[in-house]
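**Student:** Contents of data.pdb (PDB, C-alpha atoms):
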ATOM      1  CA  MET A  23       0.000   0.000   0.000
ATOM      2  CA  SER A  24       1.346   3.381  -1.017
ATOM      3  CA  ALA A  25       2.442   5.646   1.813
ATOM      4  CA  GLN A  26       0.310   8.327   0.190
ATOM      5  CA  PHE A  27      -2.783   6.519   1.441
ATOM      6  CA  GLY A  28      -1.505   6.618   5.032
ATOM      7  CA  LEU A  29      -1.720   8.983   7.938
ATOM      8  CA  PRO A  30       0.599  12.015   8.190
ATOM      9  CA  ALA A  31       3.031  12.662  10.991
ATOM     10  CA  MET A  32       1.342  13.929  14.146
ATOM     11  CA  THR A  33       1.087  17.688  14.610
ATOM     12  CA  ASN A  34       1.068  19.577  17.887
ATOM     13  CA  ARG A  35      -2.280  19.553  19.640
ATOM     14  CA  ARG A  36      -4.007  22.832  20.367
ATOM     15  CA  THR A  37      -6.145  23.645  23.349
ATOM     16  CA  ALA A  38      -8.952  25.039  21.184
ATOM     17  CA  ARG A  39      -9.855  22.595  18.435
ATOM     18  CA  PRO A  40     -12.368  22.606  15.598
ATOM     19  CA  ILE A  41     -15.608  20.729  16.269
ATOM     20  CA  LEU A  42     -16.825  18.353  13.565
ATOM     21  CA  TYR A  43     -20.441  17.256  13.481
ATOM     22  CA  SER A  44     -20.464  14.043  11.491
ATOM     23  CA  PHE A  45     -22.351  10.867  10.674
ATOM     24  CA  ARG A  46     -20.134   7.854  10.101
ATOM     25  CA  ARG A  47     -21.859   6.439   7.015
ATOM     26  CA  CYS A  48     -22.577   9.724   5.226
ATOM     27  CA  PRO A  49     -20.327   9.986   2.137
ATOM     28  CA  TYR A  50     -20.103  13.765   2.460
ATOM     29  CA  ALA A  51     -18.950  13.490   6.078
ATOM     30  CA  MET A  52     -16.652  10.633   5.103
ATOM     31  CA  ARG A  53     -14.693  12.690   2.589
ATOM     32  CA  ALA A  54     -14.433  15.585   5.023
ATOM     33  CA  ARG A  55     -13.017  13.272   7.699
ATOM     34  CA  LEU A  56     -10.493  11.817   5.238
ATOM     35  CA  ALA A  57      -9.175  15.265   4.337
ATOM     36  CA  LEU A  58      -9.012  16.361   7.972
ATOM     37  CA  LEU A  59      -6.999  13.254   8.811
ATOM     38  CA  ARG A  60      -4.654  13.666   5.855
ATOM     39  CA  SER A  61      -3.972  17.266   6.827
ATOM     40  CA  GLY A  62      -3.130  16.256  10.384
ATOM     41  CA  THR A  63      -5.971  18.349  11.807
ATOM     42  CA  VAL A  64      -7.092  17.248  15.266
ATOM     43  CA  CYS A  65     -10.706  18.070  16.003
ATOM     44  CA  GLU A  66     -13.477  17.189  18.417
ATOM     45  CA  LEU A  67     -15.723  14.621  16.753
ATOM     46  CA  ARG A  68     -19.424  14.833  17.476
ATOM     47  CA  GLU A  69     -21.187  11.875  15.899
ATOM     48  CA  VAL A  70     -24.864  12.658  15.383
ATOM     49  CA  LYS A  71     -27.994  10.598  15.010
ATOM     50  CA  LEU A  72     -29.752  12.058  11.993
ATOM     51  CA  SER A  73     -33.178  11.303  13.426
ATOM     52  CA  ALA A  74     -32.309  13.252  16.588
ATOM     53  CA  LYS A  75     -30.016  16.089  15.557
ATOM     54  CA  PRO A  76     -28.544  17.961  18.521
ATOM     55  CA  PRO A  77     -29.702  21.584  18.946
ATOM     56  CA  GLU A  78     -26.040  22.671  19.015
ATOM     57  CA  MET A  79     -25.568  21.436  15.448
ATOM     58  CA  ILE A  80     -28.748  23.100  14.226
ATOM     59  CA  ALA A  81     -27.678  26.332  15.897
ATOM     60  CA  ALA A  82     -24.289  26.171  14.178
ATOM     61  CA  SER A  83     -25.758  25.856  10.687
ATOM     62  CA  ALA A  84     -29.282  26.382   9.429
ATOM     63  CA  LYS A  85     -28.654  23.567   6.921
ATOM     64  CA  ALA A  86     -28.479  21.137   9.850
ATOM     65  CA  THR A  87     -26.825  18.494   7.694
ATOM     66  CA  VAL A  88     -23.456  16.818   8.195
ATOM     67  CA  PRO A  89     -20.647  17.558   7.941
ATOM     68  CA  ILE A  90     -20.410  20.828   9.840
ATOM     69  CA  LEU A  91     -17.061  22.137  11.049
ATOM     70  CA  VAL A  92     -17.089  24.816  13.744
ATOM     71  CA  LEU A  93     -13.713  26.554  13.980
ATOM     72  CA  PRO A  94     -12.217  27.832  17.249
ATOM     73  CA  ASP A  95     -12.837  31.435  16.154
ATOM     74  CA  GLY A  96     -16.548  30.717  15.645
ATOM     75  CA  ARG A  97     -16.552  30.446  11.878
ATOM     76  CA  VAL A  98     -18.647  27.607  10.462
ATOM     77  CA  ILE A  99     -17.917  25.553   7.342
ATOM     78  CA  ASP A 100     -20.912  23.429   6.361
ATOM     79  CA  GLU A 101     -20.034  22.143   2.883
ATOM     80  CA  SER A 102     -17.907  19.009   2.660
ATOM     81  CA  LEU A 103     -15.727  20.222  -0.218
ATOM     82  CA  ASP A 104     -15.112  23.493   1.619
ATOM     83  CA  ILE A 105     -14.032  21.541   4.696
ATOM     84  CA  MET A 106     -11.648  19.508   2.544
ATOM     85  CA  HIS A 107     -10.123  22.648   1.062
ATOM     86  CA  TRP A 108      -9.836  24.366   4.433
ATOM     87  CA  ALA A 109      -7.990  21.383   5.903
ATOM     88  CA  LEU A 110      -5.658  20.814   2.967
ATOM     89  CA  GLU A 111      -4.862  24.498   2.534
ATOM     90  CA  ARG A 112      -3.517  24.423   6.094
ATOM     91  CA  GLN A 113      -1.364  21.356   5.455
ATOM     92  CA  ASP A 114      -1.278  19.122   2.402
ATOM     93  CA  PRO A 115       1.531  16.567   2.839
ATOM     94  CA  GLY A 116       0.333  14.415  -0.060
ATOM     95  CA  ARG A 117      -0.269  17.403  -2.381
ATOM     96  CA  TRP A 118      -3.868  16.305  -2.749
ATOM     97  CA  LEU A 119      -4.997  19.730  -3.948
ATOM     98  CA  ASP A 120      -2.736  19.379  -6.992
ATOM     99  CA  THR A 121      -4.891  16.502  -8.250
ATOM    100  CA  LYS A 122      -8.275  18.212  -8.102
ATOM    101  CA  ASP A 123     -10.534  17.662 -11.117
ATOM    102  CA  ALA A 124     -13.459  19.976 -10.467
ATOM    103  CA  ASP A 125     -15.492  18.735 -13.433
ATOM    104  CA  CYS A 126     -15.279  15.081 -12.419
ATOM    105  CA  ILE A 127     -16.253  15.935  -8.838
ATOM    106  CA  ALA A 128     -19.166  18.082 -10.067
ATOM    107  CA  VAL A 129     -20.644  15.173 -12.026
ATOM    108  CA  ASN A 130     -20.250  12.951  -8.956
ATOM    109  CA  ASP A 131     -22.001  15.460  -6.712
ATOM    110  CA  GLY A 132     -24.690  16.178  -9.303
ATOM    111  CA  ALA A 133     -26.050  13.630 -11.749
ATOM    112  CA  PHE A 134     -24.351  10.578 -10.236
ATOM    113  CA  LYS A 135     -25.498  11.344  -6.675
ATOM    114  CA  ASP A 136     -29.033  11.940  -7.909
ATOM    115  CA  HIS A 137     -29.154   8.558  -9.670
ATOM    116  CA  LEU A 138     -27.459   6.895  -6.696
ATOM    117  CA  ASP A 139     -30.124   8.173  -4.305
ATOM    118  CA  ARG A 140     -32.939   7.073  -6.620
ATOM    119  CA  TYR A 141     -31.332   3.640  -6.887
ATOM    120  CA  LYS A 142     -30.460   3.147  -3.222
ATOM    121  CA  TYR A 143     -33.660   4.667  -1.840
ATOM    122  CA  CYS A 144     -36.025   3.571  -4.616
ATOM    123  CA  GLY A 145     -38.722   2.564  -2.106
ATOM    124  CA  ARG A 146     -39.013   5.925  -0.426
ATOM    125  CA  ARG A 147     -38.591   7.828  -3.729
ATOM    126  CA  ALA A 148     -40.921   5.633  -5.787
ATOM    127  CA  SER A 149     -38.249   5.404  -8.474
ATOM    128  CA  ASP A 150     -37.186   2.686 -10.912
ATOM    129  CA  ALA A 151     -34.072   1.227  -9.273
ATOM    130  CA  SER A 152     -32.829  -0.575 -12.392
ATOM    131  CA  LEU A 153     -33.148   2.554 -14.523
ATOM    132  CA  HIS A 154     -31.207   4.728 -12.080
ATOM    133  CA  ARG A 155     -28.602   2.022 -11.426
ATOM    134  CA  ALA A 156     -27.927   1.850 -15.167
ATOM    135  CA  ALA A 157     -27.640   5.634 -15.394
ATOM    136  CA  ALA A 158     -25.268   5.774 -12.412
ATOM    137  CA  MET A 159     -23.236   2.948 -13.896
ATOM    138  CA  ILE A 160     -22.353   5.096 -16.911
ATOM    139  CA  TYR A 161     -20.428   7.429 -14.614
ATOM    140  CA  VAL A 162     -18.699   4.555 -12.803
ATOM    141  CA  GLN A 163     -17.670   3.130 -16.164
ATOM    142  CA  SER A 164     -16.159   6.515 -17.051
ATOM    143  CA  LEU A 165     -14.119   6.329 -13.838
ATOM    144  CA  ASP A 166     -12.961   2.845 -14.822
ATOM    145  CA  ALA A 167     -11.824   4.144 -18.207
ATOM    146  CA  ARG A 168      -9.959   6.986 -16.520
ATOM    147  CA  LEU A 169      -8.236   4.597 -14.115
ATOM    148  CA  ALA A 170      -7.146   2.381 -17.006
ATOM    149  CA  SER A 171      -4.550   4.983 -17.952
ATOM    150  CA  LYS A 172      -3.491   6.205 -14.501
ATOM    151  CA  PRO A 173      -3.585   4.802 -10.967
ATOM    152  CA  SER A 174      -5.711   7.587  -9.504
ATOM    153  CA  LEU A 175      -8.576   9.737 -10.752
ATOM    154  CA  GLY A 176      -6.609  12.969 -10.607
ATOM    155  CA  GLY A 177      -3.249  11.740 -11.849
ATOM    156  CA  PRO A 178      -0.356   9.482 -10.887
ATOM    157  CA  ALA A 179      -0.902   9.814  -7.125
ATOM    158  CA  PRO A 180      -3.942   9.652  -4.824
ATOM    159  CA  GLY A 181      -5.533  13.000  -4.147
ATOM    160  CA  LEU A 182      -8.563  15.149  -3.615
ATOM    161  CA  THR A 183     -10.488  13.851  -6.638
ATOM    162  CA  ASP A 184     -10.236  10.268  -5.390
ATOM    163  CA  VAL A 185     -11.243  11.184  -1.848
ATOM    164  CA  ALA A 186     -14.153  13.370  -2.968
ATOM    165  CA  ILE A 187     -15.600  10.588  -5.146
ATOM    166  CA  MET A 188     -14.653   7.305  -3.456
ATOM    167  CA  PRO A 189     -17.252   7.404  -0.628
ATOM    168  CA  PHE A 190     -20.058   7.705  -3.187
ATOM    169  CA  VAL A 191     -18.743   4.854  -5.329
ATOM    170  CA  ARG A 192     -18.517   2.827  -2.107
ATOM    171  CA  GLN A 193     -22.166   3.595  -1.376
ATOM    172  CA  PHE A 194     -23.136   2.642  -4.928
ATOM    173  CA  ALA A 195     -21.238  -0.643  -4.625
ATOM    174  CA  GLN A 196     -22.716  -1.566  -1.254
ATOM    175  CA  THR A 197     -26.286  -1.059  -2.410
ATOM    176  CA  ASP A 198     -26.015  -4.454  -4.134
ATOM    177  CA  LEU A 199     -22.483  -5.714  -3.573
ATOM    178  CA  PRO A 200     -22.804  -9.111  -5.349
ATOM    179  CA  TRP A 201     -24.093  -7.332  -8.458
ATOM    180  CA  PHE A 202     -21.391  -4.657  -8.286
ATOM    181  CA  ASP A 203     -18.636  -7.232  -7.819
ATOM    182  CA  SER A 204     -19.824  -9.048 -10.946
ATOM    183  CA  GLN A 205     -19.486  -5.969 -13.156
ATOM    184  CA  ALA A 206     -16.605  -5.506 -15.596
ATOM    185  CA  LEU A 207     -14.944  -2.669 -13.693
ATOM    186  CA  ALA A 208     -11.443  -4.062 -13.297
ATOM    187  CA  TYR A 209      -9.764  -0.765 -12.456
ATOM    188  CA  VAL A 210     -12.522   0.610 -10.225
ATOM    189  CA  HIS A 211     -12.576  -2.637  -8.235
ATOM    190  CA  VAL A 212      -8.834  -2.377  -7.520
ATOM    191  CA  TRP A 213      -8.971   1.357  -6.821
ATOM    192  CA  LEU A 214     -11.898   1.035  -4.421
ATOM    193  CA  ALA A 215     -10.410  -1.989  -2.644
ATOM    194  CA  GLU A 216      -7.121  -0.151  -2.063
ATOM    195  CA  TRP A 217      -8.882   2.844  -0.537
ATOM    196  CA  LEU A 218     -11.088   0.723   1.681
ATOM    197  CA  ALA A 219      -8.076  -1.233   2.947
ATOM    198  CA  SER A 220      -5.990   1.878   3.623
ATOM    199  CA  SER A 221      -5.037   2.954   7.142
ATOM    200  CA  LEU A 222      -6.458   6.388   6.366
ATOM    201  CA  PHE A 223      -9.906   5.029   5.568
ATOM    202  CA  GLN A 224      -9.882   2.750   8.593
ATOM    203  CA  ALA A 225      -9.070   5.729  10.825
ATOM    204  CA  ALA A 226     -11.791   7.817   9.175
ATOM    205  CA  MET A 227     -14.391   5.150   9.956
ATOM    206  CA  LEU A 228     -13.900   5.336  13.721
ATOM    207  CA  ARG A 229     -16.999   4.068  15.547
ATOM    208  CA  VAL A 230     -18.226   6.293  18.352
ATOM    209  CA  PRO A 231     -21.635   6.624  20.025
ATOM    210  CA  PRO A 232     -23.803   9.661  19.278
ATOM    211  CA  TRP A 233     -22.537  12.776  21.011
ATOM    212  CA  LYS A 234     -24.196  14.102  24.147
ATOM    213  CA  PRO A 235     -23.474  17.477  25.789
ATOM    214  CA  GLY A 236     -21.186  17.276  28.794
ATOM    215  CA  GLU A 237     -19.437  14.097  27.709
ATOM    216  CA  GLU A 238     -15.660  13.832  27.452
ATOM    217  CA  PRO A 239     -14.685  15.054  23.950
ATOM    218  CA  VAL A 240     -13.719  12.463  21.346
ATOM    219  CA  LEU A 241     -10.523  13.660  19.676
ATOM    220  CA  PHE A 242     -10.481  12.740  16.002
ATOM    221  CA  GLY A 243      -7.092  12.559  14.316
ATOM    222  CA  ALA A 244      -5.205  12.397  17.602
ATOM    223  CA  GLY A 245      -3.656   9.006  16.844
TER
END
Turn the structure described in the file into structure tokens.
**Tutor:**
Amino acid sequence: MSAQFGLPAMTNRRTARPILYSFRRCPYAMRARLALLRSGTVCELREVKLSAKPPEMIAASAKATVPILVLPDGRVIDESLDIMHWALERQDPGRWLDTKDADCIAVNDGAFKDHLDRYKYCGRRASDASLHRAAAMIYVQSLDARLASKPSLGGPAPGLTDVAIMPFVRQFAQTDLPWFDSQALAYVHVWLAEWLASSLFQAAMLRVPPWKPGEEPVLFGAG
């Protein structure tokens, strides 16, 4: 496994740390956590239960959706890509920002995510799962073609494009894993497997109970 998938050297801890409201399985929160880890940013992790969102999170951002990062100076960042940029602009040991492909990420966050939701949640959306799976698959096949000529989506090394997209491809795959595993996506299968097996991803998927006020803070990225 490439060292570029791993965790960075530890940085000095600060007394005042950012607070991250997150939900472990949310792909948006997942990519934010990956970037925070890669940048060496230590923050207080507040895992939330989406059916019982804490008032503190709602007060921090009217969107009331994860991820939300509250900075020590009171500023709030409530878009996952903005959190990724904020973290990596502070420290980017793997030069992830150099690999950003804004167009590829935009398609992921737009058309692909829409089809993914209508496939995964077809019951609640009254949608045709097979139709939306086929439409989403066109994008995944384009990723496979891209990976056929280079090891990562943004170039020769892992970076922001991979991290911004991988959690959504993971969600697509897990919707019907036997079907996904049977598809002719040789390069995507390898790429996804490497990310899921990486120490960085394992650290990002830390299991913690939902946050409650007054509890001892959970330090995320503290090793």
**Student:** If you take all atoms listed in the file and a cut-off of 12 Å, which residues of range 152-244 of chain A touch range 79-82 of chain A, and what are their nearest atom pairs and distances in Å to one decimal, in chain and number order, as CSV?
**Tutor:**
residue,atom,partner,partner_atom,distance
A:Trp233,CA,A:Met79,CA,10.7
A:Lys234,CA,A:Met79,CA,11.5
A:Pro235,CA,A:Met79,CA,11.3
**Student:** What's the 9 Å shell around range 102-111 of chain A, counting only C-alpha atoms, without same-chain residues fewer than 5 positions away, as a list in words?
**Tutor:**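 What passes the distance filter is Tyr50, Ala51, Met52, Arg53, Ala54, Arg55, Leu56, Ala57, Leu58, Leu59, Arg60, Ser61, Gly62, Thr63, Val88, Pro89, Ile90, Leu91, Arg117, Trp118, Leu119, Leu182 and Ala186 of chain A.
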**Student:** For CA of Phe242 in chain A and CA of Ala226 in chain A, determine how far apart the two atoms are, in Å to one decimal place.
**Tutor:** 8.5 Å
**Student:** Which residue, A:Ala225, A:Leu138, A:Val230, A:Leu153, has the smallest gap to Phe194 in chain A when you use all atoms listed in the file?
**Tutor:**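 Closest to Phe194 in chain A, using all atoms listed in the file: A:Leu138.
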**Student:** Figure out the distance between CA of Lys142 in chain A and CA of Arg155 in chain A, please, to one decimal in Å.
**Tutor:**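 Between CA of Arg155 in chain A and CA of Lys142 in chain A the gap is 8.5 Å.
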**Student:** Find the distance between CA of Val129 in chain A and CA of Pro180 in chain A and write it in Å to one decimal.
**Tutor:** 19.0 Å
**Student:** Counting only C-alpha atoms, give me one row per residue of range 58-137 of chain A with an atom at most 9 Å from an atom of range 166-177 of chain A, showing the shortest contact pair and its distance in Å to one decimal, sorted by chain then residue number, as JSON lines.
**Tutor:**
{"residue": "A:Trp118", "atom": "CA", "partner": "A:Gly176", "partner_atom": "CA", "distance": 9.0}
{"residue": "A:Asp120", "atom": "CA", "partner": "A:Gly176", "partner_atom": "CA", "distance": 8.3}
{"residue": "A:Thr121", "atom": "CA", "partner": "A:Gly176", "partner_atom": "CA", "distance": 4.6}
{"residue": "A:Lys122", "atom": "CA", "partner": "A:Gly176", "partner_atom": "CA", "distance": 6.0}
{"residue": "A:Asp123", "atom": "CA", "partner": "A:Gly176", "partner_atom": "CA", "distance": 6.1}
{"residue": "A:Cys126", "atom": "CA", "partner": "A:Leu175", "partner_atom": "CA", "distance": 8.7}
**Student:** Using all atoms listed in the file, which of the listed residues (A:Pro231, A:Gly243, A:Gly116, A:Gly236) sits closest to Phe45 in chain A?
**Tutor:** A:Pro231
**Student:** Env of Ala215 in chain A: 12 Å cut, atoms = only C-alpha atoms, seq-sep filter 3 positions within chain, self excluded. Answer as a ChimeraX atom specification.
**Tutor:** /A:23,188-189,191-192,195,203,207-212,218-220,223
**Student:** For the file shown, what are the residues hit by the PyMOL selection byres ((chain A and resi 152) around 12), laid out as a VMD selection string?
**Tutor:** chain A and resid 137 to 138 140 to 144 149 to 151 153 to 159 197 to 198 201
**Student:** With distances taken over all atoms listed in the file, which of A:Leu67, A:Pro232, A:Glu101, A:Ile127 is nearest to Val185 in chain A?
**Tutor:**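 Smallest separation from Val185 in chain A among the options: A:Ile127.
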**Student:** Please report, as JSON, the centre and edge lengths in Å to one decimal of an axis-aligned box covering all listed atoms of range 113-131 of chain A with 8 Å per side.
**Tutor:**
{"center_x": -10.2, "center_y": 17.2, "center_z": -4.0, "size_x": 39.5, "size_y": 24.4, "size_z": 34.9}
**Student:** Which residue gives the smallest distance to Ile99 in chain A among A:Leu42, A:Pro76, A:Ser164, A:Lys71, with only C-alpha atoms counted?
**Tutor:** A:Leu42
**Student:** List the spatial neighbours of range 39-41 of chain A as a PDB file with C-alpha atoms, keeping the file's coordinate frame - criterion: any atom at most 7 Å away, only C-alpha atoms, same-chain residues fewer than 3 positions off excluded.
**Tutor:**
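Writing the result to out_13.pdb gives the following:
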ATOM      1  CA  ARG A  36      -4.007  22.832  20.367  1.00  0.00           C
ATOM      2  CA  VAL A  64      -7.092  17.248  15.266  1.00  0.00           C
ATOM      3  CA  CYS A  65     -10.706  18.070  16.003  1.00  0.00           C
ATOM      4  CA  GLU A  66     -13.477  17.189  18.417  1.00  0.00           C
ATOM      5  CA  LEU A  67     -15.723  14.621  16.753  1.00  0.00           C
ATOM      6  CA  LEU A  91     -17.061  22.137  11.049  1.00  0.00           C
ATOM      7  CA  VAL A  92     -17.089  24.816  13.744  1.00  0.00           C
ATOM      8  CA  LEU A  93     -13.713  26.554  13.980  1.00  0.00           C
ATOM      9  CA  PRO A  94     -12.217  27.832  17.249  1.00  0.00           C
TER      10      PRO A  94
END
